[in-house]
Amino acid sequence: MGRHGWNPGARRWRLAALIGVGTVALALVLTMCTVWPRDPGGAGPGGTTSDGAKVHGTPAPRPGAPEPELGWGFTHTQYSADAGGTAARGRAEKLLAAYRLPQIQHLMGWGSDNPEPAPGRYRFGAMDSRIDLVRRTGGTPVVTLCCAPDWMKGGRAGEDGTDWSQEALETAPRPEHYADFARLAGVVARRYPDVKHFIVWNEFKGFFDDDAKRWDHEGYTRLYNLVHAELKKVDKDILVGGPYLVMDSLDPRATEHASALKGPWGTVDQRSLDAFRYWNEHKSGADFVVVDGSSYTKDDELLPSEAAATDKFTAVSRWVRQQTGGKLPLWWAEYYVEPGDAQDERDDWSEPRRAAVHAAGMVALAKGGTTTAFYWNPQKQDGKCAGCLWTPTQQADGGRELPLLKLISRFAEEFPPGTRYDDTVRVAPDGAPDVRVLADDTTVLVVNTADRAVRAEVDGRSLDLAPYGIRWLTR
């Protein structure tokens with residue numbers, strides 16, 4: 001079965017992003033041509049079963065109650081390390097097993113099939129494969145409960161022929177089906193009892209009110225509360241979070257939809273802040289809070305520079321924590337520092353540049369109080385894979401570590417949840433504009449965000465930093 005979802009390199013907060021026509025056509029061909037075996041669980045056309053809530057595989061035991069702070073991890077997208085040649089998959093799994101990072105998998109799309117193509121008929125094979133991958137590599141599994149089967153959003157019910165178009169995927173369930181979606185969330189929780197962390201929906205997709213020109217935060221919150229109640233009914237220890245809002249920012253000179261949350265990097269769209277406040281005031285409960293966004297504006301501007309633009313992450317993080325009274329751990333489900341080109345590809349930056357600016361973004365998130373963040377892994381099947389975590393496992397020599405995986409895993413190791421950061425570390429004035437620093441009692445991360453060599457004095461030490469150089473210092 002094809003792994004459906006948006007173009008893995010697309011900007012996830014843009015509702016207008018389009019998937020390639022060829023990918024959609026291939027997915028439809030695979031859907032129509034696949035011959036599915038019957039199984040004892042009441043299999044029907046399209047390989048669906050009636051026992052979706054049956055526990056899949058061997059759940060990975062985890063001692064103690066689940067923690068609401070997971071640290072730094074990544075999200076699986078359309079392609080991942082559960083497909084490809086045996087040797088390449090083995091290499092990728094060995095890498096992930098060494099790092100044991102938290103990993104997100106979506107319910108529908110981004111590698112998962114339609115989980116319930118007709119009421120009471122389930123298809124979890126592709127999602128099973130992803131959960132098995134997380135289990136084998138020792139990561140903490142997180143499920144994002146998005147998106148919804150066709151019949152919940154006005155499409156037809158059927159065990160084949162799912163509409164995988166961008167427009168269909170970005171449609172929210174209709175209000176009369178909110179309870180059906182919550183019930184499906186409960187089925188997922190029973191099927192994977194070792195999944196203790198759930199995010200409700202993705203970026204308010206389908207919840208924009210075109211007439212009112214604002215988010216339908218009332219509708220989303222009704223859906224969220226139903227899902228929250230259902231998951232807690234399955235297992236009181238399950239941790240649930242939302243609202244997974246996109247914190248879009250506009251040009252700092254903008255007036256329409258501008259907010260007081262602003263800086264040289266831009267001004268956050270007031271409609272996002274309004275939606276967050278409504279959810280925060282009317283939610284039935286939450287164990288953590290989730291947002292996402294980019295360091296650049298909706299017009300793809302990095303202001304006043306690519307490194308300084310990441311200050312947005314600090315400002316937004318602090319605002320969110322202020323809204324929740326600092327009582328809820330803060331997650332970023334996605335964060336981006338590199339705009340795409342006209343085709344939304346990101347091949348123009350070198351890997352050192354990408355890693356340095358990304359490191360600056362992680363530093364900014366941590367300084368704002370973020371304790372959990374997930375890198376959106378834009379994995380491909382072949383060719384150059386800009387920003388990927390490992391080389392494509394569909395290639396014979398694939399599954400090899402790339403710079404961003406090395407950076408994220410080291411960051412996760414050195415700065416886990418609960419880290420007390422040392423704000424007294426300073427950069428001498430000559431290097432301050434280009435150098436970003438994050439430190440705790442034992443480690444200092446130093447990042448040169450400039451495309452030229454820089455000499456800087458950090459924590460009392462003189463350092464020669466290569467262009468886009470990243471250094472880890474022991475204190």
# chains A, B, ... in the order shown; residues from 1 in each chain; ligands from 1

call {"tool": "residues_around", "arguments": {"residues": "Leu463 of chain A", "least_positions_apart": "2", "cutoff": "12 Å", "atoms": "only C-alpha atoms", "output": "PDB file with N, CA, C and O atoms, in the first residue's frame"}}
result
ATOM      1  N   VAL A 427      29.072  35.727  25.534  1.00  0.00           N
ATOM      2  CA  VAL A 427      29.946  35.759  24.369  1.00  0.00           C
ATOM      3  C   VAL A 427      30.552  37.150  24.312  1.00  0.00           C
ATOM      4  O   VAL A 427      29.837  38.156  24.457  1.00  0.00           O
ATOM      5  N   ALA A 428      31.871  37.225  24.135  1.00  0.00           N
ATOM      6  CA  ALA A 428      32.537  38.529  24.049  1.00  0.00           C
ATOM      7  C   ALA A 428      31.919  39.340  22.912  1.00  0.00           C
ATOM      8  O   ALA A 428      31.490  38.782  21.892  1.00  0.00           O
ATOM      9  N   ASP A 430      32.772  41.016  20.358  1.00  0.00           N
ATOM     10  CA  ASP A 430      33.171  40.865  18.963  1.00  0.00           C
ATOM     11  C   ASP A 430      32.444  39.710  18.282  1.00  0.00           C
ATOM     12  O   ASP A 430      32.173  39.761  17.086  1.00  0.00           O
ATOM     13  N   GLY A 431      32.148  38.644  19.024  1.00  0.00           N
ATOM     14  CA  GLY A 431      31.509  37.484  18.409  1.00  0.00           C
ATOM     15  C   GLY A 431      30.023  37.402  18.634  1.00  0.00           C
ATOM     16  O   GLY A 431      29.340  36.566  18.034  1.00  0.00           O
ATOM     17  N   VAL A 435      27.194  34.457  17.133  1.00  0.00           N
ATOM     18  CA  VAL A 435      27.366  33.238  17.917  1.00  0.00           C
ATOM     19  C   VAL A 435      26.189  33.054  18.876  1.00  0.00           C
ATOM     20  O   VAL A 435      25.802  33.972  19.593  1.00  0.00           O
ATOM     21  N   VAL A 446      28.082  25.870  21.401  1.00  0.00           N
ATOM     22  CA  VAL A 446      28.452  27.125  20.749  1.00  0.00           C
ATOM     23  C   VAL A 446      28.200  26.974  19.254  1.00  0.00           C
ATOM     24  O   VAL A 446      28.678  26.013  18.630  1.00  0.00           O
ATOM     25  N   VAL A 447      27.452  27.925  18.672  1.00  0.00           N
ATOM     26  CA  VAL A 447      27.074  27.841  17.257  1.00  0.00           C
ATOM     27  C   VAL A 447      27.472  29.122  16.545  1.00  0.00           C
ATOM     28  O   VAL A 447      27.062  30.222  16.940  1.00  0.00           O
ATOM     29  N   ASN A 448      28.265  28.976  15.498  1.00  0.00           N
ATOM     30  CA  ASN A 448      28.583  30.101  14.622  1.00  0.00           C
ATOM     31  C   ASN A 448      27.570  30.110  13.487  1.00  0.00           C
ATOM     32  O   ASN A 448      27.558  29.210  12.641  1.00  0.00           O
ATOM     33  N   ALA A 453      34.557  32.345   9.086  1.00  0.00           N
ATOM     34  CA  ALA A 453      35.175  31.956  10.345  1.00  0.00           C
ATOM     35  C   ALA A 453      35.056  33.096  11.359  1.00  0.00           C
ATOM     36  O   ALA A 453      35.098  34.278  11.004  1.00  0.00           O
ATOM     37  N   VAL A 454      34.878  32.730  12.612  1.00  0.00           N
ATOM     38  CA  VAL A 454      34.703  33.718  13.678  1.00  0.00           C
ATOM     39  C   VAL A 454      35.584  33.328  14.861  1.00  0.00           C
ATOM     40  O   VAL A 454      35.637  32.151  15.235  1.00  0.00           O
ATOM     41  N   ARG A 455      36.268  34.306  15.430  1.00  0.00           N
ATOM     42  CA  ARG A 455      36.966  34.086  16.695  1.00  0.00           C
ATOM     43  C   ARG A 455      36.094  34.686  17.793  1.00  0.00           C
ATOM     44  O   ARG A 455      35.691  35.851  17.720  1.00  0.00           O
ATOM     45  N   ALA A 456      35.799  33.879  18.788  1.00  0.00           N
ATOM     46  CA  ALA A 456      34.901  34.339  19.850  1.00  0.00           C
ATOM     47  C   ALA A 456      35.415  33.882  21.197  1.00  0.00           C
ATOM     48  O   ALA A 456      36.058  32.839  21.325  1.00  0.00           O
ATOM     49  N   GLU A 457      35.134  34.698  22.203  1.00  0.00           N
ATOM     50  CA  GLU A 457      35.437  34.307  23.571  1.00  0.00           C
ATOM     51  C   GLU A 457      34.139  33.890  24.238  1.00  0.00           C
ATOM     52  O   GLU A 457      33.202  34.687  24.363  1.00  0.00           O
ATOM     53  N   VAL A 458      34.068  32.620  24.638  1.00  0.00           N
ATOM     54  CA  VAL A 458      32.852  32.061  25.215  1.00  0.00           C
ATOM     55  C   VAL A 458      33.206  31.380  26.529  1.00  0.00           C
ATOM     56  O   VAL A 458      34.098  30.525  26.568  1.00  0.00           O
ATOM     57  N   ASP A 459      32.510  31.753  27.578  1.00  0.00           N
ATOM     58  CA  ASP A 459      32.713  31.130  28.892  1.00  0.00           C
ATOM     59  C   ASP A 459      34.181  31.178  29.313  1.00  0.00           C
ATOM     60  O   ASP A 459      34.713  30.216  29.882  1.00  0.00           O
ATOM     61  N   GLY A 460      34.820  32.285  28.963  1.00  0.00           N
ATOM     62  CA  GLY A 460      36.208  32.472  29.350  1.00  0.00           C
ATOM     63  C   GLY A 460      37.222  31.787  28.465  1.00  0.00           C
ATOM     64  O   GLY A 460      38.416  31.811  28.761  1.00  0.00           O
ATOM     65  N   ARG A 461      36.768  31.186  27.371  1.00  0.00           N
ATOM     66  CA  ARG A 461      37.664  30.494  26.462  1.00  0.00           C
ATOM     67  C   ARG A 461      37.642  31.149  25.088  1.00  0.00           C
ATOM     68  O   ARG A 461      36.584  31.535  24.597  1.00  0.00           O
ATOM     69  N   LEU A 465      36.027  29.462  15.419  1.00  0.00           N
ATOM     70  CA  LEU A 465      34.879  28.720  14.895  1.00  0.00           C
ATOM     71  C   LEU A 465      34.866  28.784  13.381  1.00  0.00           C
ATOM     72  O   LEU A 465      34.952  29.862  12.775  1.00  0.00           O
ATOM     73  N   ALA A 466      34.749  27.636  12.752  1.00  0.00           N
ATOM     74  CA  ALA A 466      34.667  27.562  11.298  1.00  0.00           C
ATOM     75  C   ALA A 466      33.340  28.159  10.829  1.00  0.00           C
ATOM     76  O   ALA A 466      32.413  28.328  11.621  1.00  0.00           O
ATOM     77  N   GLY A 469      30.174  26.716  12.123  1.00  0.00           N
ATOM     78  CA  GLY A 469      30.741  25.719  13.006  1.00  0.00           C
ATOM     79  C   GLY A 469      29.914  25.504  14.268  1.00  0.00           C
ATOM     80  O   GLY A 469      29.354  26.460  14.828  1.00  0.00           O
ATOM     81  N   ILE A 470      29.846  24.263  14.721  1.00  0.00           N
ATOM     82  CA  ILE A 470      29.160  23.894  15.953  1.00  0.00           C
ATOM     83  C   ILE A 470      30.160  23.221  16.877  1.00  0.00           C
ATOM     84  O   ILE A 470      30.846  22.273  16.482  1.00  0.00           O
ATOM     85  N   ARG A 471      30.285  23.735  18.100  1.00  0.00           N
ATOM     86  CA  ARG A 471      31.236  23.172  19.051  1.00  0.00           C
ATOM     87  C   ARG A 471      30.518  22.810  20.348  1.00  0.00           C
ATOM     88  O   ARG A 471      29.643  23.541  20.825  1.00  0.00           O
ATOM     89  N   TRP A 472      30.911  21.685  20.921  1.00  0.00           N
ATOM     90  CA  TRP A 472      30.412  21.257  22.226  1.00  0.00           C
ATOM     91  C   TRP A 472      31.564  21.342  23.216  1.00  0.00           C
ATOM     92  O   TRP A 472      32.605  20.699  23.024  1.00  0.00           O
ATOM     93  N   LEU A 473      31.396  22.120  24.273  1.00  0.00           N
ATOM     94  CA  LEU A 473      32.448  22.318  25.256  1.00  0.00           C
ATOM     95  C   LEU A 473      32.039  21.658  26.577  1.00  0.00           C
ATOM     96  O   LEU A 473      30.868  21.699  26.957  1.00  0.00           O
TER      97      LEU A 473
END

call {"tool": "select_by_dssp", "arguments": {"residues": "segment 102-230 of chain A", "states": "alpha helix (DSSP H)", "output": "PyMOL selection string"}}
result
chain A and resi 125-136+166-169+178-191+217-230

call {"tool": "write_last_selection", "arguments": {"atoms": "C-alpha atoms", "output": "CSV table (one decimal), in the first residue's frame"}}
result
chain,number,residue,atom,x,y,z
A,125,GLY,CA,-1.3,-2.2,8.5
A,126,ALA,CA,0.9,0.7,7.6
A,127,MET,CA,0.5,2.3,11.0
A,128,ASP,CA,1.3,-1.0,12.7
A,129,SER,CA,4.6,-1.0,10.7
A,130,ARG,CA,5.5,2.5,12.0
A,131,ILE,CA,4.7,1.6,15.6
A,132,ASP,CA,6.7,-1.5,15.3
A,133,LEU,CA,9.7,0.6,14.1
A,134,VAL,CA,9.4,2.8,17.1
A,135,ARG,CA,9.2,-0.2,19.4
A,136,ARG,CA,12.3,-1.9,17.8
A,166,GLN,CA,-4.8,17.7,-0.5
A,167,GLU,CA,-8.2,19.2,-0.2
A,168,ALA,CA,-9.7,16.1,1.3
A,169,LEU,CA,-6.9,15.5,3.7
A,178,TYR,CA,-16.8,14.5,16.3
A,179,ALA,CA,-17.9,11.7,18.5
A,180,ASP,CA,-17.0,9.1,15.8
A,181,PHE,CA,-13.5,10.5,15.6
A,182,ALA,CA,-13.2,10.4,19.4
A,183,ARG,CA,-14.3,6.8,19.3
A,184,LEU,CA,-11.6,6.0,16.7
A,185,ALA,CA,-9.0,7.6,18.9
A,186,GLY,CA,-10.1,5.2,21.6
A,187,VAL,CA,-9.7,2.3,19.2
A,188,VAL,CA,-6.1,3.5,18.5
A,189,ALA,CA,-5.3,3.7,22.2
A,190,ARG,CA,-6.5,0.2,22.8
A,191,ARG,CA,-4.6,-1.2,19.8
A,217,HIS,CA,-11.6,27.4,17.7
A,218,GLU,CA,-15.0,26.6,19.1
A,219,GLY,CA,-15.3,23.6,16.8
A,220,TYR,CA,-11.8,22.4,17.4
A,221,THR,CA,-12.2,22.6,21.1
A,222,ARG,CA,-15.4,20.6,21.0
A,223,LEU,CA,-13.5,17.9,19.1
A,224,TYR,CA,-10.5,18.1,21.4
A,225,ASN,CA,-12.7,17.7,24.5
A,226,LEU,CA,-14.4,14.6,23.2
A,227,VAL,CA,-11.1,13.0,22.2
A,228,HIS,CA,-9.6,13.9,25.6
A,229,ALA,CA,-12.5,12.2,27.4
A,230,GLU,CA,-12.4,9.1,25.3

call {"tool": "residues_around", "arguments": {"residues": "Thr474 of chain A", "least_positions_apart": "6", "cutoff": "7 Å", "atoms": "only C-alpha atoms", "output": "list in words"}}
result
Thr442, Thr443 and Val444 of chain A

call {"tool": "write_last_selection", "arguments": {"atoms": "C-alpha atoms", "output": "mmCIF file, in the first residue's frame"}}
result
data_model
loop_
_atom_site.group_PDB
_atom_site.id
_atom_site.type_symbol
_atom_site.label_atom_id
_atom_site.label_comp_id
_atom_site.auth_asym_id
_atom_site.auth_seq_id
_atom_site.Cartn_x
_atom_site.Cartn_y
_atom_site.Cartn_z
ATOM 1 C CA THR A 442 28.435 20.571 32.461
ATOM 2 C CA THR A 443 28.098 21.487 28.776
ATOM 3 C CA VAL A 444 28.210 24.536 26.518
#

call {"tool": "closest_residue", "arguments": {"among": "A:Ala366, A:Ala172, A:Ile408, A:Ala97", "to": "Asp209 of chain A", "atoms": "only C-alpha atoms"}}
result
A:Ala172

call {"tool": "residues_around", "arguments": {"residues": "segment 348-350 of chain A", "least_positions_apart": "2", "cutoff": "10 Å", "atoms": "only C-alpha atoms", "output": "PDB file with N, CA and C atoms, in the first residue's frame"}}
result
ATOM      1  N   GLU A 338      14.140  27.153   7.691  1.00  0.00           N
ATOM      2  CA  GLU A 338      14.652  27.230   6.315  1.00  0.00           C
ATOM      3  C   GLU A 338      13.503  27.253   5.315  1.00  0.00           C
ATOM      4  N   PRO A 339      13.231  28.403   4.688  1.00  0.00           N
ATOM      5  CA  PRO A 339      12.169  28.452   3.687  1.00  0.00           C
ATOM      6  C   PRO A 339      12.502  27.589   2.477  1.00  0.00           C
ATOM      7  N   GLY A 340      11.468  27.123   1.792  1.00  0.00           N
ATOM      8  CA  GLY A 340      11.682  26.349   0.577  1.00  0.00           C
ATOM      9  C   GLY A 340      11.699  27.245  -0.650  1.00  0.00           C
ATOM     10  N   ASP A 341      12.061  26.650  -1.788  1.00  0.00           N
ATOM     11  CA  ASP A 341      12.050  27.398  -3.037  1.00  0.00           C
ATOM     12  C   ASP A 341      10.647  27.354  -3.647  1.00  0.00           C
ATOM     13  N   GLU A 345      11.276  22.933  -2.235  1.00  0.00           N
ATOM     14  CA  GLU A 345      12.441  22.115  -1.950  1.00  0.00           C
ATOM     15  C   GLU A 345      13.459  22.960  -1.186  1.00  0.00           C
ATOM     16  N   ARG A 346      14.363  22.271  -0.510  1.00  0.00           N
ATOM     17  CA  ARG A 346      15.335  22.973   0.316  1.00  0.00           C
ATOM     18  C   ARG A 346      16.755  22.498   0.001  1.00  0.00           C
ATOM     19  N   PRO A 352      26.120  22.162   6.507  1.00  0.00           N
ATOM     20  CA  PRO A 352      26.634  22.926   7.657  1.00  0.00           C
ATOM     21  C   PRO A 352      25.774  24.152   7.973  1.00  0.00           C
ATOM     22  N   ARG A 353      25.350  24.872   6.941  1.00  0.00           N
ATOM     23  CA  ARG A 353      24.483  26.037   7.165  1.00  0.00           C
ATOM     24  C   ARG A 353      23.164  25.605   7.777  1.00  0.00           C
ATOM     25  N   ARG A 354      22.583  24.567   7.223  1.00  0.00           N
ATOM     26  CA  ARG A 354      21.297  24.062   7.730  1.00  0.00           C
ATOM     27  C   ARG A 354      21.427  23.661   9.200  1.00  0.00           C
ATOM     28  N   ALA A 355      22.490  22.932   9.529  1.00  0.00           N
ATOM     29  CA  ALA A 355      22.670  22.470  10.903  1.00  0.00           C
ATOM     30  C   ALA A 355      22.889  23.634  11.861  1.00  0.00           C
ATOM     31  N   ALA A 386      17.793  16.709   1.196  1.00  0.00           N
ATOM     32  CA  ALA A 386      18.167  17.874   1.992  1.00  0.00           C
ATOM     33  C   ALA A 386      17.417  17.887   3.311  1.00  0.00           C
ATOM     34  N   GLY A 387      18.151  17.980   4.395  1.00  0.00           N
ATOM     35  CA  GLY A 387      17.533  18.065   5.708  1.00  0.00           C
ATOM     36  C   GLY A 387      17.077  16.746   6.281  1.00  0.00           C
ATOM     37  N   TYR A 468      29.767  28.399   9.974  1.00  0.00           N
ATOM     38  CA  TYR A 468      28.660  27.550  10.433  1.00  0.00           C
ATOM     39  C   TYR A 468      29.150  26.439  11.376  1.00  0.00           C
TER      40      TYR A 468
END

call {"tool": "select_by_dssp", "arguments": {"residues": "segment 77-301 of chain A", "states": "strand (DSSP E)", "output": "PyMOL selection string"}}
result
chain A and resi 103-106+141-145+197-200+208-209+214-215+239-246+249-250+262-263+266-268+288-294

call {"tool": "closest_atom_pairs", "arguments": {"of": "segment 290-389 of chain A", "to": "segment 243-266 of chain A", "cutoff": "9 Å", "atoms": "only C-alpha atoms", "output": "CSV"}}
result
residue,atom,partner,partner_atom,distance
A:Val290,CA,A:Tyr244,CA,4.7
A:Val291,CA,A:Tyr244,CA,4.4
A:Asp292,CA,A:Val246,CA,5.0
A:Gly293,CA,A:Met247,CA,5.1
A:Ser294,CA,A:Asp248,CA,7.2
A:Ser295,CA,A:Trp265,CA,7.6
A:Tyr296,CA,A:Trp265,CA,7.3
A:Thr297,CA,A:Ser249,CA,4.9
A:Lys298,CA,A:Leu250,CA,5.8
A:Asp299,CA,A:Leu250,CA,7.5
A:Glu301,CA,A:Asp251,CA,8.0
A:Leu302,CA,A:Trp265,CA,7.1
A:Leu303,CA,A:Trp265,CA,4.6
A:Pro304,CA,A:Trp265,CA,6.0
A:Ser305,CA,A:Trp265,CA,8.3
A:Ala308,CA,A:Trp265,CA,7.3
A:Ala309,CA,A:Trp265,CA,5.0
A:Thr310,CA,A:Trp265,CA,7.8
A:Asp311,CA,A:Trp265,CA,7.2
A:Lys312,CA,A:Trp265,CA,6.3
A:Ala315,CA,A:Leu261,CA,7.6
A:Val316,CA,A:Leu261,CA,7.6
A:Trp319,CA,A:Leu261,CA,7.9
A:Trp331,CA,A:Tyr244,CA,8.9
A:Trp332,CA,A:Tyr244,CA,8.0
A:Ala333,CA,A:Tyr244,CA,7.0
